[in-house]
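The file upload.txt comes next; it holds compact mmCIF, C-alpha atoms.
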# COMPACT_ATOMS: atom_id res chain seq x y z
CA ALA Q 89 27.25 10.67 4.90
CA LEU Q 90 23.85 10.59 3.25
CA PRO Q 91 22.64 7.23 1.93
CA ALA Q 92 23.16 6.58 -1.78
CA SER Q 93 19.72 5.02 -2.07
CA ALA Q 94 17.08 5.01 0.61
CA THR Q 95 15.45 1.86 1.92
CA ILE Q 96 12.01 3.21 2.82
CA LYS Q 97 10.66 5.78 0.36
CA TYR Q 98 7.86 8.33 0.49
CA ARG Q 99 6.26 10.23 -2.36
CA VAL Q 100 4.17 13.21 -1.20
CA SER Q 101 1.88 14.69 -3.84
CA LEU Q 102 0.79 18.31 -3.47
CA GLY Q 103 -1.62 18.21 -6.40
CA HIS Q 104 -4.87 20.16 -5.87
CA PRO Q 105 -3.62 22.05 -2.77
CA GLY Q 106 -7.02 23.69 -2.30
CA ASP Q 107 -8.30 20.31 -1.08
CA HIS Q 108 -5.82 20.46 1.85
CA LEU Q 109 -4.90 16.80 1.25
CA PHE Q 110 -1.35 15.46 1.19
CA HIS Q 111 -1.42 12.27 -0.90
CA VAL Q 112 1.32 9.96 0.35
CA SER Q 113 2.73 6.80 -1.20
CA MET Q 114 5.10 4.88 1.11
CA THR Q 115 7.18 2.00 -0.24
CA VAL Q 116 8.74 -0.51 2.16
CA PRO Q 117 11.06 -3.23 0.76
CA ASP Q 118 11.87 -6.67 2.15
CA VAL Q 119 8.58 -7.30 3.95
CA GLN Q 120 7.93 -10.82 5.17
CA ASP Q 121 4.41 -12.07 5.96
CA HIS Q 122 3.02 -8.78 7.33
CA LEU Q 123 3.86 -5.13 7.89
CA VAL Q 124 2.97 -2.80 10.77
CA VAL Q 125 3.01 0.96 10.20
CA ALA Q 126 2.11 3.75 12.59
CA MET Q 127 1.54 7.49 12.69
CA PRO Q 128 3.52 9.30 15.41
CA ALA Q 129 1.80 10.77 18.45
CA TRP Q 130 4.62 13.22 19.08
CA ASN Q 131 6.12 16.26 17.36
CA THR Q 132 7.58 19.61 18.45
CA LEU Q 133 5.61 19.81 21.70
CA TYR Q 134 6.10 17.80 24.90
CA GLN Q 135 2.67 16.23 24.73
CA VAL Q 136 0.90 13.25 23.16
CA ARG Q 137 -1.11 14.33 20.13
CA ASP Q 138 -3.49 12.62 17.72
CA PHE Q 139 -2.29 12.99 14.14
CA ALA Q 140 -3.77 9.69 12.98
CA HIS Q 141 -7.34 11.01 12.86
CA HIS Q 142 -6.26 13.18 9.90
CA VAL Q 143 -5.44 10.04 7.85
CA GLN Q 144 -7.86 8.87 5.13
CA GLU Q 145 -8.19 6.08 2.56
CA VAL Q 146 -5.37 3.74 3.59
CA ALA Q 147 -4.76 1.03 0.97
CA ALA Q 148 -1.81 -1.28 0.28
CA HIS Q 149 -0.51 -3.64 -2.35
CA ALA Q 150 2.50 -5.90 -2.85
CA SER Q 151 5.06 -5.48 -5.62
CA GLY Q 152 3.24 -7.94 -7.87
CA GLY Q 153 0.04 -5.93 -7.64
CA GLN Q 154 -1.58 -8.14 -4.98
CA VAL Q 155 -4.06 -6.11 -2.94
CA LEU Q 156 -3.35 -6.48 0.77
CA HIS Q 157 -5.61 -6.36 3.81
CA THR Q 158 -5.23 -3.22 5.90
CA THR Q 159 -6.53 -3.30 9.46
CA LYS Q 160 -6.38 -0.43 11.94
CA THR Q 161 -5.36 -2.12 15.19
CA ASP Q 162 -5.39 0.94 17.45
CA LYS Q 163 -5.69 4.72 17.21
CA GLN Q 164 -2.41 5.17 15.35
CA THR Q 165 -1.37 1.73 14.02
CA TRP Q 166 -2.23 -0.29 10.89
CA ARG Q 167 -1.43 -3.94 10.11
CA ILE Q 168 -0.97 -4.95 6.48
CA GLU Q 169 -1.03 -8.58 5.30
CA ALA Q 170 -2.21 -10.91 2.55
CA ASP Q 171 -5.49 -12.83 2.57
CA PRO Q 172 -5.59 -15.37 5.42
CA GLY Q 173 -5.77 -18.21 2.89
CA SER Q 174 -2.86 -16.94 0.81
CA MET Q 175 0.24 -19.12 0.53
CA THR Q 176 2.47 -16.02 0.28
CA GLU Q 177 5.51 -16.42 2.54
CA SER Q 178 7.06 -13.06 1.70
CA LEU Q 179 5.30 -9.92 0.51
CA GLY Q 180 8.48 -8.35 -0.84
CA ARG Q 181 8.05 -4.66 -1.57
CA VAL Q 182 4.85 -3.18 -0.11
CA THR Q 183 3.35 0.16 -1.10
CA ILE Q 184 0.89 1.97 1.18
CA ASP Q 185 -1.20 4.80 -0.26
CA TYR Q 186 -3.12 7.22 1.93
CA ALA Q 187 -4.18 10.84 2.25
CA VAL Q 188 -3.72 13.24 5.16
CA PHE Q 189 -5.86 16.36 5.66
CA TRP Q 190 -4.11 19.38 7.19
CA ASP Q 191 -5.06 23.05 7.03
CA GLU Q 192 -3.83 24.48 10.33
CA ALA Q 193 -1.45 27.42 10.42
CA GLY Q 194 1.41 27.66 12.88
CA PRO Q 195 4.77 26.03 13.66
CA PHE Q 196 3.24 23.15 15.66
CA SER Q 197 0.91 22.02 12.89
CA SER Q 198 0.85 21.46 9.11
CA GLN Q 199 -0.99 23.21 6.29
CA LEU Q 200 -1.67 22.79 2.59
CA ASN Q 201 -3.60 25.40 0.66
CA ASP Q 202 -3.39 27.38 -2.57
CA ASP Q 203 -0.80 29.74 -1.05
CA HIS Q 204 1.75 27.32 0.38
CA ALA Q 205 2.50 24.10 2.22
CA PHE Q 206 4.07 23.88 5.65
CA ILE Q 207 4.88 20.34 6.76
CA ASN Q 208 5.91 18.86 10.07
CA PRO Q 209 6.73 15.45 8.53
CA ALA Q 210 5.77 13.45 11.66
CA MET Q 211 2.23 14.65 11.00
CA ILE Q 212 1.99 13.10 7.53
CA LEU Q 213 4.51 10.23 7.27
CA PHE Q 214 3.91 6.72 8.59
CA TYR Q 215 6.85 4.82 10.06
CA VAL Q 216 7.65 1.14 10.58
CA PRO Q 217 8.10 0.76 14.37
CA ASP Q 218 10.82 -1.89 14.19
CA ARG Q 219 12.64 -0.25 11.23
CA ARG Q 220 12.97 3.37 12.35
CA GLY Q 221 16.75 3.26 12.02
CA GLU Q 222 16.81 2.49 8.29
CA ASP Q 223 17.65 4.94 5.51
CA VAL Q 224 14.66 6.89 4.21
CA GLN Q 225 13.88 9.21 1.33
CA VAL Q 226 11.04 11.63 0.63
CA GLU Q 227 10.09 13.07 -2.74
CA TYR Q 228 7.68 15.99 -3.16
CA ALA Q 229 5.64 15.72 -6.37
CA ASP Q 230 2.99 17.69 -8.28
CA VAL Q 231 4.33 20.92 -6.76
CA PRO Q 232 2.84 24.11 -8.28
CA ALA Q 233 5.24 25.54 -10.87
CA SER Q 234 5.90 28.82 -9.02
CA TRP Q 235 6.74 27.17 -5.67
CA HIS Q 236 10.14 26.38 -4.25
CA ILE Q 237 11.23 24.56 -1.11
CA ALA Q 238 13.10 25.21 2.15
CA VAL Q 239 14.12 22.30 4.38
CA ALA Q 240 17.15 21.56 6.56
CA LEU Q 241 18.14 18.50 4.51
CA ARG Q 242 20.42 18.20 1.51
CA PRO Q 243 18.67 17.25 -1.74
CA GLY Q 244 19.34 13.87 -3.31
CA ALA Q 245 18.80 12.89 -6.94
CA ASN Q 246 16.96 16.15 -7.68
CA SER Q 247 15.85 19.35 -5.96
CA TRP Q 248 12.55 17.78 -4.77
CA THR Q 249 14.01 14.57 -3.29
CA PHE Q 250 15.60 14.39 0.16
CA PRO Q 251 17.37 11.38 1.72
CA ALA Q 252 18.01 11.01 5.45
CA LYS Q 253 19.88 8.47 7.55
CA ASP Q 254 16.73 7.45 9.46
CA TYR Q 255 13.10 8.34 10.09
CA ASP Q 256 13.80 10.54 13.11
CA THR Q 257 16.24 12.69 11.12
CA LEU Q 258 13.70 13.08 8.32
CA VAL Q 259 10.84 14.17 10.55
CA ASP Q 260 13.04 16.56 12.54
CA ALA Q 261 13.26 18.80 9.46
CA PRO Q 262 10.09 20.88 8.84
CA VAL Q 263 9.38 21.84 5.23
CA GLU Q 264 8.09 25.05 3.66
CA LEU Q 265 6.94 25.04 0.03
CA GLY Q 266 5.59 28.09 -1.73
CA THR Q 267 6.66 31.56 -2.84
CA PHE Q 268 8.20 32.55 0.47
CA GLU Q 269 10.92 35.14 1.01
CA GLU Q 270 14.35 33.79 1.85
CA TRP Q 271 17.79 35.04 2.84
CA ARG Q 272 20.96 33.85 4.59
CA PHE Q 273 23.45 35.27 7.09
CA ASP Q 274 26.07 34.09 9.57
CA VAL Q 275 26.22 34.41 13.34
CA GLY Q 276 29.75 33.48 14.36
CA ALA Q 277 30.35 30.01 12.92
CA ALA Q 278 26.62 29.36 12.42
CA HIS Q 279 25.15 29.61 8.91
CA ILE Q 280 21.52 30.73 9.06
CA ARG Q 281 18.87 30.29 6.35
CA VAL Q 282 15.57 32.08 6.93
CA ALA Q 283 12.37 31.41 4.98
CA VAL Q 284 9.24 33.44 5.75
CA HIS Q 285 5.70 32.93 4.46
CA GLY Q 286 3.29 35.52 5.80
CA THR Q 287 2.26 39.14 5.97
CA ARG Q 288 2.89 42.05 8.35
CA TRP Q 289 6.47 41.13 9.20
CA ASN Q 290 9.74 43.05 9.04
CA ARG Q 291 12.96 41.48 7.78
CA GLU Q 292 15.17 43.58 10.05
CA ASP Q 293 13.18 42.55 13.13
CA VAL Q 294 13.23 38.86 12.17
CA GLU Q 295 16.97 38.86 11.53
CA ASP Q 296 17.72 40.75 14.75
CA THR Q 297 15.67 38.24 16.78
CA VAL Q 298 17.30 35.22 15.11
CA ARG Q 299 20.79 36.67 15.61
CA ARG Q 300 20.20 37.17 19.33
CA VAL Q 301 18.68 33.69 19.79
CA VAL Q 302 21.53 31.98 17.92
CA ALA Q 303 24.22 33.93 19.75
CA TYR Q 304 22.71 33.10 23.13
CA GLN Q 305 22.16 29.42 22.37
CA THR Q 306 25.62 28.83 20.89
CA ALA Q 307 27.21 30.51 23.92
CA LEU Q 308 25.03 28.43 26.26
CA MET Q 309 25.83 25.13 24.50
CA ARG Q 310 29.49 26.13 23.84
CA GLU Q 311 29.39 25.15 20.18
Could I get this file's structure written as structure tokens?
Amino acid sequence: ALPASATIKYRVSLGHPGDHLFHVSMTVPDVQDHLVVAMPAWNTLYQVRDFAHHVQEVAAHASGGQVLHTTKTDKQTWRIEADPGSMTESLGRVTIDYAVFWDEAGPFSSQLNDDHAFINPAMILFYVPDRRGEDVQVEYADVPASWHIAVALRPGANSWTFPAKDYDTLVDAPVELGTFEEWRFDVGAAHIRVAVHGTRWNREDVEDTVRRVVAYQTALMRE
């Protein structure tokens, strides 16, 4: 079952898509004296990759408005804490704001431009290393009026908000936003949803390829 309310929340703004910047606000509750967040070095390919160098302008504050120190401790990790002289024993809810630049086409990357957004979430969403198993939720905001969304997650409170049982489930669901073409069909017991953004493609060819792949894989895996 999907969580009724997520513990760790993300808000991803797609305002000004021509700038190719995803503006992310991550809220983490129940933080004690410090918080460590990281950007993954893995996604879709069996290789270590460097997504963190796309991150810009990391800033954080506590629920009371207290500005927090943000220190990059290695290539993909940030430590967030209060001033060394602060008497704060618990930070409570911490919000981290940052931007991520992506404008690379293809299934193993992410892209934001005036035409669409394609998101591999592990490329734009921080995680808390010792809290990866907690409920999460992502909301997409400032989406151009003509765009819609395709993602293999069920929506939550509204059509732009998606809860997941943990971080790994969330980032295992790529997202397409735009004015793509979409259709559905079944292959045996499998329900297929296809969304295509692009030019010079043929629906019949795409569907035939997907049908053959699904039929082979379901026979191979026996479910």
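Nearest to Q:Ala126 of all the residues Q:Gln225, Q:Ser101, Q:Ser113, Q:Gln164 is Q:Gln164, based on all atoms listed in the file.
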- request: Work out how far apart atom CA of Q:Trp248 and atom CA of Q:Glu227 are and give it in Å to one decimal.
  value: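 That distance, rounded to one decimal, is 5.7 Å.
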task: Please provide as a ChimeraX atom specification all residues within 10 Å of Q:Phe206, with the sequence filter that same-chain residues fewer than 3 positions apart are discarded (counting all atoms listed in the file).
output: /Q:190-195,197-201,209,237-238,262-266,285
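Compared by their closest atoms to Q:Ser151, and using all atoms listed in the file, the residues Q:Val112, Q:Val119, Q:Ala229, Q:Val298 rank with Q:Val119 nearest.
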- prompt: When you draw a straight line from atom CA of Q:Ala240 to atom CA of Q:Ile280, how long is it in Å?
  reply: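 Distance reported for this atom pair: 10.5 Å.
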If I only want stretch 99-249 of chain Q, can you write it with C-alpha atoms, as an mmCIF file, in the first residue's frame?
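So decode.cif came out as:
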data_model
loop_
_atom_site.group_PDB
_atom_site.id
_atom_site.type_symbol
_atom_site.label_atom_id
_atom_site.label_comp_id
_atom_site.auth_asym_id
_atom_site.auth_seq_id
_atom_site.Cartn_x
_atom_site.Cartn_y
_atom_site.Cartn_z
ATOM 1 C CA ARG Q 99 9.170 19.698 -4.628
ATOM 2 C CA VAL Q 100 10.603 19.932 -8.159
ATOM 3 C CA SER Q 101 9.923 23.206 -9.961
ATOM 4 C CA LEU Q 102 9.971 23.242 -13.760
ATOM 5 C CA GLY Q 103 9.589 27.000 -14.043
ATOM 6 C CA HIS Q 104 11.628 28.611 -16.846
ATOM 7 C CA PRO Q 105 12.443 25.302 -18.604
ATOM 8 C CA GLY Q 106 14.627 27.098 -21.150
ATOM 9 C CA ASP Q 107 17.213 27.544 -18.386
ATOM 10 C CA HIS Q 108 17.542 23.723 -18.119
ATOM 11 C CA LEU Q 109 17.459 23.974 -14.311
ATOM 12 C CA PHE Q 110 15.387 21.744 -12.054
ATOM 13 C CA HIS Q 111 14.808 23.688 -8.821
ATOM 14 C CA VAL Q 112 14.442 21.201 -5.975
ATOM 15 C CA SER Q 113 13.240 21.738 -2.418
ATOM 16 C CA MET Q 114 13.756 18.695 -0.160
ATOM 17 C CA THR Q 115 12.169 18.591 3.301
ATOM 18 C CA VAL Q 116 13.436 16.117 5.903
ATOM 19 C CA PRO Q 117 11.622 15.866 9.267
ATOM 20 C CA ASP Q 118 12.936 14.745 12.653
ATOM 21 C CA VAL Q 119 16.553 15.813 12.186
ATOM 22 C CA GLN Q 120 18.754 15.831 15.268
ATOM 23 C CA ASP Q 121 21.997 17.850 15.420
ATOM 24 C CA HIS Q 122 23.017 17.413 11.770
ATOM 25 C CA LEU Q 123 21.899 15.972 8.450
ATOM 26 C CA VAL Q 124 23.885 14.242 5.705
ATOM 27 C CA VAL Q 125 22.488 14.140 2.170
ATOM 28 C CA ALA Q 126 24.019 12.696 -0.976
ATOM 29 C CA MET Q 127 23.500 12.548 -4.722
ATOM 30 C CA PRO Q 128 23.588 9.017 -6.168
ATOM 31 C CA ALA Q 129 26.467 7.848 -8.332
ATOM 32 C CA TRP Q 130 24.367 5.145 -9.968
ATOM 33 C CA ASN Q 131 21.380 4.960 -12.300
ATOM 34 C CA THR Q 132 20.282 2.751 -15.215
ATOM 35 C CA LEU Q 133 23.815 1.763 -16.251
ATOM 36 C CA TYR Q 134 26.225 -0.602 -14.498
ATOM 37 C CA GLN Q 135 28.824 2.075 -13.917
ATOM 38 C CA VAL Q 136 29.690 4.788 -11.396
ATOM 39 C CA ARG Q 137 28.653 8.202 -12.698
ATOM 40 C CA ASP Q 138 29.031 11.778 -11.481
ATOM 41 C CA PHE Q 139 25.640 13.464 -11.171
ATOM 42 C CA ALA Q 140 26.694 15.721 -8.306
ATOM 43 C CA HIS Q 141 28.666 18.104 -10.538
ATOM 44 C CA HIS Q 142 25.316 19.201 -12.030
ATOM 45 C CA VAL Q 143 24.161 20.496 -8.612
ATOM 46 C CA GLN Q 144 24.202 24.249 -7.899
ATOM 47 C CA GLU Q 145 23.372 26.660 -5.079
ATOM 48 C CA VAL Q 146 22.793 24.281 -2.160
ATOM 49 C CA ALA Q 147 21.272 26.074 0.848
ATOM 50 C CA ALA Q 148 19.424 24.826 3.931
ATOM 51 C CA HIS Q 149 17.335 26.106 6.800
ATOM 52 C CA ALA Q 150 15.550 24.676 9.826
ATOM 53 C CA SER Q 151 11.803 24.841 10.391
ATOM 54 C CA GLY Q 152 12.109 28.003 12.462
ATOM 55 C CA GLY Q 153 13.892 29.795 9.632
ATOM 56 C CA GLN Q 154 17.398 29.291 11.054
ATOM 57 C CA VAL Q 155 19.956 29.288 8.247
ATOM 58 C CA LEU Q 156 22.143 26.194 8.438
ATOM 59 C CA HIS Q 157 25.743 25.569 7.424
ATOM 60 C CA THR Q 158 26.123 23.414 4.322
ATOM 61 C CA THR Q 159 29.483 21.774 3.708
ATOM 62 C CA LYS Q 160 30.360 19.541 0.762
ATOM 63 C CA THR Q 161 32.364 16.729 2.355
ATOM 64 C CA ASP Q 162 33.158 14.749 -0.792
ATOM 65 C CA LYS Q 163 32.213 14.653 -4.473
ATOM 66 C CA GLN Q 164 28.601 13.667 -3.827
ATOM 67 C CA THR Q 165 27.876 14.334 -0.123
ATOM 68 C CA TRP Q 166 26.800 17.416 1.868
ATOM 69 C CA ARG Q 167 26.678 17.880 5.657
ATOM 70 C CA ILE Q 168 24.114 20.285 7.086
ATOM 71 C CA GLU Q 169 24.278 21.631 10.657
ATOM 72 C CA ALA Q 170 23.769 24.695 12.823
ATOM 73 C CA ASP Q 171 26.479 27.186 13.769
ATOM 74 C CA PRO Q 172 29.189 25.536 15.903
ATOM 75 C CA GLY Q 173 28.293 27.833 18.808
ATOM 76 C CA SER Q 174 24.574 27.148 18.587
ATOM 77 C CA MET Q 175 22.857 25.489 21.543
ATOM 78 C CA THR Q 176 20.386 23.742 19.214
ATOM 79 C CA GLU Q 177 20.012 20.086 20.211
ATOM 80 C CA SER Q 178 17.516 19.192 17.500
ATOM 81 C CA LEU Q 179 17.053 20.860 14.128
ATOM 82 C CA GLY Q 180 13.569 19.427 13.617
ATOM 83 C CA ARG Q 181 12.396 19.785 10.034
ATOM 84 C CA VAL Q 182 15.173 20.754 7.612
ATOM 85 C CA THR Q 183 14.623 22.079 4.090
ATOM 86 C CA ILE Q 184 17.381 21.911 1.473
ATOM 87 C CA ASP Q 185 17.049 24.026 -1.667
ATOM 88 C CA TYR Q 186 19.234 23.476 -4.716
ATOM 89 C CA ALA Q 187 19.220 23.525 -8.504
ATOM 90 C CA VAL Q 188 20.305 20.822 -10.955
ATOM 91 C CA PHE Q 189 21.280 21.544 -14.565
ATOM 92 C CA TRP Q 190 20.378 18.868 -17.129
ATOM 93 C CA ASP Q 191 19.954 19.174 -20.884
ATOM 94 C CA GLU Q 192 21.049 15.792 -22.225
ATOM 95 C CA ALA Q 193 18.740 13.711 -24.402
ATOM 96 C CA GLY Q 194 18.466 9.957 -24.080
ATOM 97 C CA PRO Q 195 17.178 7.292 -21.672
ATOM 98 C CA PHE Q 196 20.343 7.283 -19.530
ATOM 99 C CA SER Q 197 20.275 11.010 -18.820
ATOM 100 C CA SER Q 198 17.838 13.816 -17.941
ATOM 101 C CA GLN Q 199 16.665 16.873 -19.849
ATOM 102 C CA LEU Q 200 14.663 20.037 -19.289
ATOM 103 C CA ASN Q 201 13.943 22.420 -22.137
ATOM 104 C CA ASP Q 202 11.047 24.327 -23.670
ATOM 105 C CA ASP Q 203 9.750 21.161 -25.362
ATOM 106 C CA HIS Q 204 9.654 18.685 -22.485
ATOM 107 C CA ALA Q 205 11.265 17.263 -19.371
ATOM 108 C CA PHE Q 206 12.651 13.760 -19.048
ATOM 109 C CA ILE Q 207 13.798 12.857 -15.550
ATOM 110 C CA ASN Q 208 15.787 9.977 -14.160
ATOM 111 C CA PRO Q 209 15.055 10.939 -10.527
ATOM 112 C CA ALA Q 210 18.388 9.620 -9.173
ATOM 113 C CA MET Q 211 20.006 12.379 -11.222
ATOM 114 C CA ILE Q 212 18.160 15.215 -9.483
ATOM 115 C CA LEU Q 213 17.030 14.032 -6.022
ATOM 116 C CA PHE Q 214 19.262 13.950 -2.945
ATOM 117 C CA TYR Q 215 18.804 11.112 -0.461
ATOM 118 C CA VAL Q 216 19.591 10.652 3.228
ATOM 119 C CA PRO Q 217 22.012 7.687 3.355
ATOM 120 C CA ASP Q 218 20.750 6.270 6.660
ATOM 121 C CA ARG Q 219 17.050 6.922 5.867
ATOM 122 C CA ARG Q 220 16.661 5.448 2.381
ATOM 123 C CA GLY Q 221 13.923 3.091 3.555
ATOM 124 C CA GLU Q 222 11.491 5.807 4.660
ATOM 125 C CA ASP Q 223 8.369 6.902 2.805
ATOM 126 C CA VAL Q 224 8.965 9.646 0.245
ATOM 127 C CA GLN Q 225 6.888 11.943 -1.920
ATOM 128 C CA VAL Q 226 7.674 14.090 -4.948
ATOM 129 C CA GLU Q 227 5.598 16.972 -6.265
ATOM 130 C CA TYR Q 228 6.163 18.563 -9.684
ATOM 131 C CA ALA Q 229 5.377 22.291 -9.673
ATOM 132 C CA ASP Q 230 5.317 25.231 -12.108
ATOM 133 C CA VAL Q 231 4.635 22.825 -14.972
ATOM 134 C CA PRO Q 232 3.750 24.529 -18.294
ATOM 135 C CA ALA Q 233 -0.028 24.542 -18.761
ATOM 136 C CA SER Q 234 -0.045 22.349 -21.891
ATOM 137 C CA TRP Q 235 2.142 19.592 -20.406
ATOM 138 C CA HIS Q 236 1.049 16.337 -18.847
ATOM 139 C CA ILE Q 237 2.974 13.566 -17.111
ATOM 140 C CA ALA Q 238 3.812 9.880 -17.522
ATOM 141 C CA VAL Q 239 5.432 7.953 -14.670
ATOM 142 C CA ALA Q 240 5.102 4.399 -13.337
ATOM 143 C CA LEU Q 241 3.816 5.567 -9.945
ATOM 144 C CA ARG Q 242 0.275 6.173 -8.752
ATOM 145 C CA PRO Q 243 -0.555 9.818 -8.011
ATOM 146 C CA GLY Q 244 -1.215 10.910 -4.453
ATOM 147 C CA ALA Q 245 -3.116 13.996 -3.315
ATOM 148 C CA ASN Q 246 -3.249 15.380 -6.871
ATOM 149 C CA SER Q 247 -2.136 14.513 -10.393
ATOM 150 C CA TRP Q 248 1.312 16.138 -9.912
ATOM 151 C CA THR Q 249 2.192 14.472 -6.576
#
